[in-house]
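Shown below: target01.cif, with mmCIF, C-alpha atoms.
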```
data_input
#
loop_
_atom_site.label_atom_id
_atom_site.label_comp_id
_atom_site.auth_asym_id
_atom_site.auth_seq_id
_atom_site.Cartn_x
_atom_site.Cartn_y
_atom_site.Cartn_z
CA MET A 1 86.79 65.20 91.38
CA GLY A 2 85.79 63.74 88.05
CA GLY A 3 82.22 62.89 89.12
CA SER A 4 79.18 64.87 90.20
CA ASN A 5 80.39 65.17 93.80
CA GLY A 6 83.64 66.70 92.60
CA ARG A 7 81.83 69.18 90.37
CA THR A 8 79.51 70.16 93.22
CA THR A 9 82.47 70.72 95.54
CA ARG A 10 84.27 72.83 92.94
CA ARG A 11 81.17 74.96 92.39
CA ARG A 12 80.98 75.57 96.13
CA ALA A 13 84.66 76.50 96.19
CA TYR A 14 84.24 78.88 93.22
CA GLY A 15 81.29 80.56 94.91
CA CYS A 16 83.24 80.86 98.12
CA VAL A 17 86.21 82.47 96.38
CA LEU A 18 83.97 85.02 94.67
CA ILE A 19 82.29 85.92 97.94
CA LEU A 20 85.67 86.23 99.64
CA CYS A 21 86.66 88.89 97.14
CA LEU A 22 83.59 90.91 98.13
CA ALA A 23 83.57 90.31 101.86
CA PRO A 24 86.94 89.42 103.40
CA ALA A 25 85.45 89.62 106.91
CA LEU A 26 83.43 86.48 106.17
CA VAL A 27 86.52 84.38 105.45
CA PRO A 28 86.65 82.34 108.70
CA ALA A 29 82.93 81.46 108.64
CA LEU A 30 82.94 80.57 104.94
CA VAL A 31 86.01 78.38 105.21
CA SER A 32 84.45 76.58 108.19
CA ALA A 33 81.24 76.02 106.25
CA LEU A 34 83.13 74.64 103.29
CA ALA A 35 85.43 72.47 105.39
CA PRO A 36 83.35 69.23 105.34
CA ALA A 37 83.10 69.17 101.54
CA MET A 38 86.76 70.03 101.17
CA ALA A 39 87.77 67.32 103.61
CA ALA A 40 85.70 64.74 101.74
CA ALA A 41 87.31 65.70 98.43
CA ALA A 42 90.78 65.58 99.97
CA THR A 43 90.18 62.09 101.35
CA ALA A 44 88.76 60.82 98.07
CA ASN A 45 91.78 62.06 96.14
CA SER A 46 94.60 61.42 98.60
CA GLY A 47 95.50 58.19 96.83
CA GLU A 48 96.14 60.03 93.57
CA LEU A 49 98.85 62.14 95.18
CA GLN A 50 100.71 59.10 96.43
CA THR A 51 100.36 57.40 93.06
CA ALA A 52 101.68 60.47 91.25
CA LEU A 53 104.63 60.80 93.62
CA ALA A 54 105.52 57.15 93.07
CA ALA A 55 105.13 57.24 89.28
CA ARG A 56 108.09 57.31 86.87
CA PRO A 57 107.82 60.75 85.24
CA ASP A 58 108.14 61.35 81.51
CA ALA A 59 109.22 64.96 80.98
CA GLY A 60 108.92 64.62 77.21
CA ARG A 61 105.27 63.76 77.50
CA GLY A 62 104.93 66.49 80.11
CA GLU A 63 105.99 69.09 77.56
CA SER A 64 102.80 68.57 75.56
CA LEU A 65 100.70 68.71 78.72
CA TYR A 66 102.35 72.00 79.69
CA GLY A 67 100.93 73.69 76.61
CA THR A 68 97.80 74.82 78.47
CA CYS A 69 99.96 76.29 81.25
CA THR A 70 101.96 78.66 79.07
CA ALA A 71 99.17 81.25 78.79
CA CYS A 72 99.63 82.14 82.46
CA HIS A 73 103.02 80.83 83.59
CA GLY A 74 104.78 81.50 80.30
CA PRO A 75 106.85 79.14 78.14
CA ASP A 76 109.71 79.38 80.64
CA GLY A 77 107.53 78.91 83.73
CA GLY A 78 108.59 82.33 84.98
CA GLY A 79 105.15 83.67 85.85
CA VAL A 80 104.56 87.43 86.00
CA ALA A 81 106.86 89.85 87.80
CA ASP A 82 104.00 91.63 89.58
CA GLY A 83 103.25 88.39 91.42
CA THR A 84 99.82 87.73 89.96
CA ILE A 85 101.24 84.47 88.58
CA PRO A 86 104.05 82.64 90.40
CA ALA A 87 107.28 81.41 88.91
CA ILE A 88 107.25 77.61 88.85
CA ALA A 89 110.27 76.76 86.67
CA GLY A 90 112.85 74.62 88.41
CA GLN A 91 110.72 73.71 91.39
CA PRO A 92 111.29 70.07 92.41
CA GLN A 93 109.06 67.66 90.52
CA ARG A 94 107.56 66.32 93.74
CA VAL A 95 106.67 69.81 94.90
CA ILE A 96 104.81 70.58 91.66
CA VAL A 97 102.94 67.27 91.92
CA LYS A 98 101.86 68.13 95.46
CA GLN A 99 100.58 71.58 94.53
CA LEU A 100 98.66 70.30 91.49
CA ALA A 101 97.09 67.57 93.59
CA ASP A 102 96.13 70.14 96.23
CA PHE A 103 94.23 72.18 93.65
CA ARG A 104 92.42 69.02 92.55
CA ARG A 105 91.39 68.10 96.10
CA ASN A 106 90.40 71.61 97.22
CA GLN A 107 93.41 72.12 99.46
CA ARG A 108 94.27 75.20 97.45
CA LEU A 109 91.66 77.62 96.15
CA ASP A 110 92.20 79.44 92.87
CA ILE A 111 89.59 79.40 90.13
CA ARG A 112 92.15 79.45 87.32
CA MET A 113 94.28 76.66 88.71
CA GLU A 114 91.33 74.52 89.76
CA HIS A 115 90.21 74.70 86.13
CA PHE A 116 93.54 73.92 84.48
CA ALA A 117 94.51 71.26 87.01
CA ASP A 118 91.23 69.37 86.59
CA ARG A 119 90.83 66.03 84.81
CA ARG A 120 89.91 67.60 81.50
CA HIS A 121 93.50 68.86 81.25
CA LEU A 122 95.40 66.41 83.46
CA GLU A 123 93.57 63.13 83.32
CA GLY A 124 95.27 61.17 86.09
CA ALA A 125 98.25 60.68 88.36
CA GLN A 126 100.66 60.00 85.50
CA ASP A 127 99.78 63.33 83.89
CA LEU A 128 100.55 65.12 87.16
CA SER A 129 103.91 63.37 87.37
CA ASP A 130 104.82 64.07 83.73
CA VAL A 131 103.93 67.76 83.58
CA ALA A 132 105.64 68.34 86.92
CA ALA A 133 108.82 66.75 85.58
CA TYR A 134 108.79 69.08 82.59
CA VAL A 135 108.26 72.14 84.80
CA ALA A 136 111.12 71.04 87.06
CA GLY A 137 113.48 71.11 84.07
CA LEU A 138 112.50 74.55 82.75
CA GLN A 139 115.13 77.29 82.69
CA ARG A 140 113.53 80.50 83.84
CA ARG A 141 114.24 83.71 81.91
CA THR A 142 111.57 85.99 83.38
CA ALA A 143 112.95 88.60 85.76
CA THR A 144 111.94 88.35 89.40
CA GLY A 145 109.58 90.96 90.78
CA ILE A 146 111.11 92.41 93.95
CA GLY A 147 109.91 94.95 96.51
CA ASP A 148 111.09 98.50 97.13
CA GLY A 149 113.75 97.38 99.60
CA GLN A 150 112.53 99.55 102.47
CA ALA A 151 111.53 96.65 104.73
CA VAL A 152 114.09 94.02 103.71
CA ASP A 153 115.97 94.12 107.01
CA ALA A 154 112.78 93.73 109.05
CA GLY A 155 111.66 90.96 106.73
CA ALA A 156 114.94 89.09 107.00
CA ARG A 157 114.78 89.19 110.79
CA ALA A 158 111.19 87.94 110.71
CA TRP A 159 112.18 85.16 108.31
CA PHE A 160 115.03 83.90 110.46
CA GLY A 161 112.87 84.08 113.57
CA ALA A 162 109.71 82.47 112.23
CA CYS A 163 110.60 80.36 109.19
CA GLY A 164 114.32 79.72 108.91
CA SER A 165 114.33 76.66 111.15
CA CYS A 166 112.24 74.71 108.61
CA HIS A 167 112.91 76.41 105.28
CA GLY A 168 116.54 77.35 105.92
CA ALA A 169 118.20 80.75 105.72
CA THR A 170 117.95 80.86 101.93
CA GLY A 171 114.45 79.46 101.37
CA LYS A 172 115.70 76.47 99.45
CA ALA A 173 113.49 73.59 98.35
CA ASP A 174 113.24 70.22 100.07
CA ALA A 175 111.80 67.70 97.63
CA GLN A 176 111.44 64.89 100.16
CA ARG A 177 109.49 67.09 102.56
CA LEU A 178 107.57 68.63 99.62
CA LEU A 179 108.75 72.12 100.54
CA PRO A 180 108.93 74.54 97.57
CA ARG A 181 111.84 76.80 96.79
CA LEU A 182 110.84 80.26 97.97
CA ALA A 183 114.09 82.01 97.03
CA GLY A 184 113.68 84.06 93.87
CA GLN A 185 109.88 83.88 93.87
CA HIS A 186 108.05 87.10 92.94
CA ALA A 187 107.61 89.29 96.02
CA GLY A 188 103.99 90.11 95.23
CA TYR A 189 103.07 86.45 95.06
CA LEU A 190 104.84 85.58 98.31
CA GLU A 191 103.20 88.48 100.14
CA ARG A 192 99.75 87.42 98.95
CA GLN A 193 100.28 83.81 100.01
CA ILE A 194 101.36 84.87 103.50
CA PHE A 195 98.25 86.99 103.96
CA ASP A 196 96.02 84.29 102.46
CA THR A 197 97.46 81.74 104.86
CA ALA A 198 96.97 84.02 107.87
CA ALA A 199 93.34 84.58 106.81
CA GLY A 200 92.65 80.85 106.34
CA ARG A 201 92.47 80.96 102.55
CA ARG A 202 95.19 78.32 102.08
CA PRO A 203 93.73 75.04 103.42
CA ASN A 204 96.95 73.14 102.64
CA MET A 205 98.94 75.34 105.04
CA ASN A 206 98.93 73.96 108.58
CA HIS A 207 98.04 75.68 111.84
CA THR A 208 101.68 76.48 112.56
CA HIS A 209 101.93 78.58 109.39
CA ARG A 210 98.67 80.36 110.14
CA ARG A 211 99.71 81.13 113.72
CA LEU A 212 103.13 82.43 112.70
CA PHE A 213 101.83 84.58 109.86
CA LYS A 214 99.01 86.07 111.90
CA GLY A 215 101.63 87.37 114.31
CA LEU A 216 103.51 89.30 111.64
CA SER A 217 103.07 92.99 110.92
CA GLN A 218 102.48 94.43 107.46
CA GLU A 219 106.09 95.62 107.38
CA GLN A 220 107.41 92.17 108.32
CA VAL A 221 105.30 90.43 105.67
CA THR A 222 106.26 92.89 102.94
CA GLY A 223 109.90 92.73 103.96
CA MET A 224 109.94 88.94 104.18
CA ALA A 225 108.53 88.63 100.65
CA ASP A 226 111.06 91.19 99.43
CA TYR A 227 113.94 89.41 101.16
CA LEU A 228 113.07 86.03 99.63
CA SER A 229 112.52 87.48 96.16
CA ARG A 230 116.09 88.83 96.15
CA LEU A 231 117.72 85.50 96.95
CA ASN A 232 119.29 83.74 93.98
#
```
Starting from the file, lay out its structure as structure tokens.
Amino acid sequence: MGGSNGRTTRRRAYGCVLILCLAPALVPALVSALAPAMAAAATANSGELQTALAARPDAGRGESLYGTCTACHGPDGGGVADGTIPAIAGQPQRVIVKQLADFRRNQRLDIRMEHFADRRHLEGAQDLSDVAAYVAGLQRRTATGIGDGQAVDAGARAWFGACGSCHGATGKADAQRLLPRLAGQHAGYLERQIFDTAAGRRPNMNHTHRRLFKGLSQEQVTGMADYLSRLN
């Protein structure tokens, strides 16, 4: 991602994201067109993820690296209650490493994060490991954004039926499997990620996720996000 091929791929991804905002109906075709470049970037950078996961993290050094993250995620890593920015404080270190690496290898598409996770801000695998360790130790103070409660029951039923077997009843994290903690995440963010996955805008989410989410109604998605946001 540091060379010309990486910059070209990022420019294509940026252009794709901008077009998606204007024409959601084009999502499947655009993602398919971008797939070869994204796959090449993912292959080229897959070694960095494994190196970062195996590194010995230095949370103290990670604190200085986190400085550029505070503008969006806040000093406490609590994000924004309306869900425009997720809460990341206290997520397992390995989970944060995985998500940062996914932004670097075009497995997640977000212009802001692709910029701040690039090599100008996080030079290599050790930086990923260190900043992730600092984030994992943050104590969140920002209040969680929850829904209106009207669809919580429907959402809970959908969660247990579609997701509970892997993520558990309470949406807890699994560091070894690189599964994030979903409990207590802002409802607006969770809802958006479910819809993005169903529409193919989350390349790092597998076919099983896409199939499950595409089968959910608006009420189930809204209620599921609300249910998870209320879990402590």
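Here the question is which of A:Leu122, A:Ala169, A:Ala175, A:Ala87 gets nearest to A:Arg141 using only C-alpha atoms, and that residue is A:Ala87.
Residue neighbourhood of A:Arg202, excluding near-sequence residues (fewer than 4 positions): Val31, Asn106, Gln107, Arg108, Leu109, Asp110, Gln193, Ile194, Phe195, Asp196, Thr197, Ala198, Asn206, His209 and Arg210 of chain A, at 10 Å, using only C-alpha atoms.
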Suppose a student applies the PyMOL selection byres ((chain A and resi 184) around 9) to this structure; what residues should they get, written as a PyMOL selection string? chain A and resi 87+144-146+171+181-183+185-187+228-232
>> Just the number, please: distance in Å from atom CA of A:Thr170 to atom CA of A:Gly155, one decimal.
In response: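 Rounded to one decimal, the two atoms are 12.8 Å apart.
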For A:Asp130, work out the shell of residues within 12 Å, counting all atoms listed in the file and skipping chain neighbours fewer than 4 positions away, then give it as a ChimeraX atom specification.
-> /A:52-66,93-94,96-97,100,122-126,134-137
| field | d(atom CA of A:Gly149, atom CA of A:Gly83) in Å | value |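 Atom CA of A:Gly83 lies 16.1 Å from atom CA of A:Gly149.
Minimum distance to A:Met224 across A:Gln99, A:Ser46, A:Gln176, A:Gln150 (counting only C-alpha atoms) occurs at A:Gln150.
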For this session: Output the residue selection produced by the PyMOL selection byres ((chain A and resi 223) around 7) on the file above, formatted as a list in words.
Result: Ala151, Val152, Asp153, Ala154, Gly155, Ala156, Glu219, Gln220, Val221, Thr222, Met224, Ala225, Asp226 and Tyr227 of chain A
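Our summary of the geometry notes that atom CA of A:Leu49 is positioned 16.8 Å from atom CA of A:Phe116.
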Find the spatial neighbours of A:Cys72, counting all atoms listed in the file, within a cut-off of 7 Å - ignore same-chain residues fewer than 3 positions away - and output them as a list of chain:residue names.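 In the requested form, the answer reads A:Cys69, A:Gly79, A:Ile85.
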Draw an axis-aligned box tight on the listed atoms of stretch 47-64 of chain A, then pad every side by 5 Å and write out centre and edge lengths in Å to one decimal as lines of an AutoDock Vina configuration file.
```
center_x = 102.4
center_y = 63.1
center_z = 86.2
size_x = 23.7
size_y = 21.9
size_z = 31.3
```
Give me the residues near A:Ala173 as a list in words, where near means some atom within 8 Å (using all atoms listed in the file) and where sequence neighbours in that chain fewer than 3 positions away do not count.
Gln91, Pro92, His167, Leu178, Leu179, Pro180, Arg181 and Leu182 of chain A
Since I can't run it myself right now, could you work out what the PyMOL selection byres ((chain A and resi 114) around 10) selects here and report it as number ranges by chain? A: 10, 13-14, 100-106, 108-113, 115-119
